[in-house]
2 protein chains.
Amino acid sequence: MQAARASVRRFKPSGDVIRKSLSGPGRTPSSRASSSKASDRPHFPCVDAHAARELHLRSSLRSSISSSSSTSSSHSGPEPAYARPSPASYHVYHHPRPLPLTYASPLPSINIAYETWGTLSPTRDNVILLHTGLSASSHAASTDLNPAEGWWENFIGPGRALDTNQFFIICTNVLGGCYGTTGPSSVDPSTGQRYATHFPVISIFDMVQAQFCLLDHLGIENLYASVGSSMGAMQSLAAGWLYPERVGKVVSISGTARSSPSAIAMRFAQRSVLMADPNWNKGFYYDGLPPHTGMKLARQIATITYRSGPEWDMRFGRKLRRLPAAENSEESPEIADKPRAPALCPDFLIETYLDYQGESFCLKYDANSLIYISKAMDIFDLTGSALAELRFTPPPPRSSPPPLPPSMSAHPTSPTHTHYHWVLSHSKSHPPPPNPPAHLPELAEGLRPLANTPTLILGVQSDILFPVEQQREVADALRMAGNQMVSYFELGGVWGHDTFLLDVQNVGGAIRGFLS
Amino acid sequence: MQAARASVRRFKPSGDVIRKSLSGPGRTPSSRASSSKASDRPHFPCVDAHAARELHLRSSLRSSISSSSSTSSSHSGPEPAYARPSPASYHVYHHPRPLPLTYASPLPSINIAYETWGTLSPTRDNVILLHTGLSASSHAASTDLNPAEGWWENFIGPGRALDTNQFFIICTNVLGGCYGTTGPSSVDPSTGQRYATHFPVISIFDMVQAQFCLLDHLGIENLYASVGSSMGAMQSLAAGWLYPERVGKVVSISGTARSSPSAIAMRFAQRSVLMADPNWNKGFYYDGLPPHTGMKLARQIATITYRSGPEWDMRFGRKLRRLPAAENSEESPEIADKPRAPALCPDFLIETYLDYQGESFCLKYDANSLIYISKAMDIFDLTGSALAELRFTPPPPRSSPPPLPPSMSAHPTSPTHTHYHWVLSHSKSHPPPPNPPAHLPELAEGLRPLANTPTLILGVQSDILFPVEQQREVADALRMAGNQMVSYFELGGVWGHDTFLLDVQNVGGAIRGFLS
């Protein structure tokens with residue numbers, strides 16, 4: 001999600017990409033011949049783009065087959081970037097033992113792609129596990145192995161929110177993903193074929209369990225903190241829930257402890273358009289063409305949920321794209337006195353923006369990964385009754401007090417300590433909910449394992465995907481569960497859900513304050 | 001929009017329709033053979049549903065061709081309900097002269113389908129023109145010609161919001177529609193072929209002009225009021241703007257005077273999935289299969305914008321559909337101790353609900369009508385600069401005072417009159433906007449023709465498509481334009497944009513109060 005969305009900032013309405021591949025009139029000619037032969041038909045560049053992409057992919061597929069036929073009898077499709085693993089740019093841990101799953105039989109073995117920043121302390125007590133959003137890779141920031149900008153580049157480094165002078169940060173590609181960690185596009189060792197939709201339904205808990213396999217492998221017993229935004233915030237809460245004794249602090253930014261029906265609805269709409277693409281082929285497209293059109297349409301819908309109306313008001317308003325000169329001159333004389341007719345294809349800048357976002361993403365990410373991971377988000381629910389249905393035995397909250405920041409741990413009863421508690425408890429100034437949702441006590445019950453874990457909950461008032469009410473709900477439920485160390489912040493601004501990628505000053509500042 | 005959405009209330013999660021056509025496991029089997037032959041592949045009933053629909057339509061198409069081949073050489077596709085005009089159930093006015101259009105050459109002639117309720121007074125001064133939302137027909141309420149329930153059944157009748165004891169109500173199918181009024185599915189008289197996407201881009205103003213052709217034909221010079229919700233509210237404002245001397249009052253419910261980028265984005269997403277359906281065929285599908293899958297996907301997205309998260313929280317929460325017994329028994333013994341695995345096809349009730357809404361709608365409405373009319377909504381903009389680009393000369397506001405309700409007109413300076421003005425001005429209690437949008441003065445400039453028209457603006461706080469900020473904006477702009485007779489109401493509740501279809505008590509009450 002984040003990796004691809006970094007390109008958002010690079011969107012230029014007058015850029016070449018748009019003019020070349022996305023826009024065009026798509027308008028119905030006002031003067032036309034009186035027949036409806038195909039040759040006289042109106043021109044829809046936004047529809048032609050799908051066919052052009054298909055043609056291009058098909059020709060890549062053909063050359064890929066002919067070039068591989070001499071070396072292998074099993075051909076594979078035109079490989080998009082994600083399918084070309086570049087192990088030199090990240091580490092891969094092969095976990096040779098079965099990974100138990102929430103809803104299905106264990107995966108026989110898994111790979112976990114990961115990257116790290118900073119230095120592991122001799123006592124291994126400075127580890128931050130950073131969780132990603134839906135479609136991000138482990139490449140949160142540039143490394144020696146991969147100098148390309150990461151999806152959280154400005155949040156990681158010396159003196160930054162995740163301070164590499166102090167912490168050792170680990171980020172993994174998530175279970176189910178397509179950037180090096182086992183997912184539906186991986187080869188099932190038991191069959192020698194890619195999993196496709198034979199891949200089992202996975203949960204956020206399963207993702208976290210996979211990450212802890214890596215931590216065990218690295219000999220890391222305890223996390224200083226678990227940090228995540230969006231789906232990463234779900235993982236972050238889940239890590240604290242599953243391993244209260246191993247997770248020192250939890251940071252949850254623009255996440256939720258219980259996916260709401262409206263968020264499910266928005267992800268459902270994306271899965272629906274994707275699965276309706278004939279190329280999806282019930283998930284078995286790895287030997288052919290990927291569902292690129294479905295992915296583009298899904299990403300357009302997703303992009304709507306990532307930003308906010310107020311930002312678009314300011315950024316695009318009701319502006320139309322600039323007409324290439326050629327299109328202007330096509331107007332027939334009889335409508336020369338008419339205002340420019342809007343096109344049925346993207347015409348408003350907000351439309352060309354969404355089109356561009358969809359086009360940029362549609363070959364960057366595996367469609368099945370999108371389906372499985374978005375489903376894992378939908379089924380995430382930390383209320384007591386939901387957890388009971390999973391037949392999970394909730395771990396007891398740790399009885400020892402939370403670890404203090406290194407600077408304070410020497411003087412647990414000093415004024416600094418008092419201040420520390422005061423800082424962590426300032427969320428009490430957030431008034432108790434006047435109309436608490438009916439499931440709040442249930443959520444508090446579910447969150448009990450987190451009762452002694454210092455937790456930062458941060459939300460954004462313009463977020464329509466993880467609305468601020470859900471942030472308050474998590475904070476309130478944690479407090480109801482007895483957690484005295486809930487930090488709670490709400491940010492304004494117009495960036496919506498994407499604030500966590502953009503607002504280094506406020507999001508980064510809150511994290512840095514909470515972790516230090 | 002409304003006609004089909006009446007079925008929302010009839011949705012029963014456990015109903016037959018869902019079990020039969022929409023749901024099913026769509027889950028990946030946990031125990032499977034080790035090959036990926038198609039026969040072993042997971043089952044996705046939500047995807048199969050598209051193919052089944054296609055097959056059914058294709059067989060209808062074949063029988064329609066074979067049955068029509070003896071009488072006509074030009075066959076047509078399997079006609080959905082909208083394409084079978086039943087002129088007996090509504091009136092059709094054929095306007096034999098060209099209809100000028102905002103962006104294109106005139107349409108040579110048009111048909112306007114309409115229905116009426118109540119009795120036209122001898123002086124023809126009791127006429128209410130009722131405008132529809134995007135996809136509604138003229139059938140707002142049952143009539144002698146068509147006793148079926150209409151989309152605003154409970155708002156029209158003796159003593160109701162639109163009181164047939166007092167008013168003569170006219171509702172038309174909108175220009176561009178598919179229920180009897182000329183639209184893209186109509187035959188172009190100049191070619192003898194259906195317009196398809198040779199149909200010109202139309203505007204909300206064009207729709208209103210078409211309605212006034214009908215009024216002229218009926219000898220109706222003045223409207224007592226112009227009333228509309230959603231897109232109907234746009235038309236209602238446009239009617240008052242175009243004909244300030246002919247429109248006594250304007251009612252705008254959950255509408256806008258200027259479509260926002262986020263509303264455009266949501267309609268763009270719908271058009272995109274529709275136009276990407278290969279059956280759409282750039283609009284030329286009338287001799288073949290309609291883009292039923294694209295329509296279903298578009299409707300799913302639309303439905304998300306019509307309701308609200310809080311309603312879904314209350315109505316569906318995170319409940320899953322009930323599993324048919326057969327699916328339960330399919331579980332392999334090895335996962336018997338696992339919780340029920342969620343399906344990738346619709347599984348949460350919110351998903352089956354959206355699936356059902358899409359399925360119910362996808363053959364009820366013409367895809368091209370959806371594209372053209374949704375675009376007309378996008379391009380609606382009553383700010384001064386936008387109107388200037390249309391090269392419209394704004395009509396001067398009427399100088400005479402607005403017509404009073406019949407009961408008061410005899411005593412224009414009586415205490416009743418004072419009360420009347422007090423009632424209409426109570427919207428001043430709505431505080432002036434602390435951060436008015438930058439375009440507010442522009443909008444006020446554009447709305448000047450409505451400066452002397454009593455106007456009711458009503459919005460709903462849970463509406464995400466026409467958010468309440470836009471309602472306030474219209475009210476504020478009208479007041480800035482000098483309008484002293486703006487009534488402004490905000491409703492709470494959880495029904496979102498659909499409130500105008502459901503909340504007879506409050507929406508109906510506000511209208512009734514304003515009109516009386």
# chains A, B, ... in the order shown; residues from 1 in each chain; ligands from 1
$ residues_around --residues "segment 145-147 of chain B" --least-positions-apart "4" --cutoff "12 Å" --atoms "only C-alpha atoms" --output "ChimeraX atom specification"
/B:86-91,114-117,138-141,153
$ residues_around --residues "segment 475-482 of chain B" --least-positions-apart "4" --cutoff "9 Å" --atoms "only C-alpha atoms" --output "MDAnalysis selection string"
chainID B and resid 427:428 432:433 436 440:452 455:457 470:471 486:488
$ select_by_dssp --residues "segment 141-384 of chain A" --states "strand (DSSP E or B)" --output "PyMOL selection string"
chain A and resi 156-157+162-163+168-172+187+194+223+225-229+247+250-253+258+320+348+381
$ residues_around --residues "Arg307 of chain A" --least-positions-apart "4" --cutoff "6 Å" --atoms "only C-alpha atoms" --output "VMD selection string"
chain A and resid 495 to 497
$ residues_around --residues "Gln461 of chain B" --least-positions-apart "2" --cutoff "8 Å" --atoms "only C-alpha atoms" --output "number ranges by chain"
B: 459, 463, 467-468, 490-493, 496
$ residues_around --residues "Ser185 of chain A" --least-positions-apart "4" --cutoff "8 Å" --atoms "only C-alpha atoms" --output "list in words"
Ala83, Cys178, Arg194, Tyr195, Ala196, Tyr286, Asp366, Asn368 and Ser369 of chain A
$ atom_distance --atom1 "atom CA of Arg124 of chain A" --atom2 "atom CA of Gly219 of chain A"
8.3 Å
$ closest_residue --among "B:Asn506, B:Thr182, B:Asn111, B:Ser190" --to "chain A" --atoms "only C-alpha atoms"
B:Ser190
$ residues_around --residues "Leu57 of chain A" --least-positions-apart "4" --cutoff "12 Å" --atoms "only C-alpha atoms" --output "ChimeraX atom specification"
/A:50-53,61-64,77-80,279,288-293,363
$ closest_residue --among "B:Gly228, B:Gly509, B:Pro397, B:Pro200" --to "Ala341 of chain A" --atoms "only C-alpha atoms"
B:Pro200
$ residues_around --residues "Glu221 of chain A" --least-positions-apart "2" --cutoff "10 Å" --atoms "only C-alpha atoms" --output "number ranges by chain"
A: 124-125, 127, 212, 215-219, 223, 245-247
$ atom_distance --atom1 "atom CA of Pro395 of chain B" --atom2 "atom CA of Ala239 of chain B"
11.3 Å
$ closest_residue --among "A:Ser226, A:Thr119, A:Ser135, A:Gln300" --to "Arg267 of chain B" --atoms "only C-alpha atoms"
A:Gln300
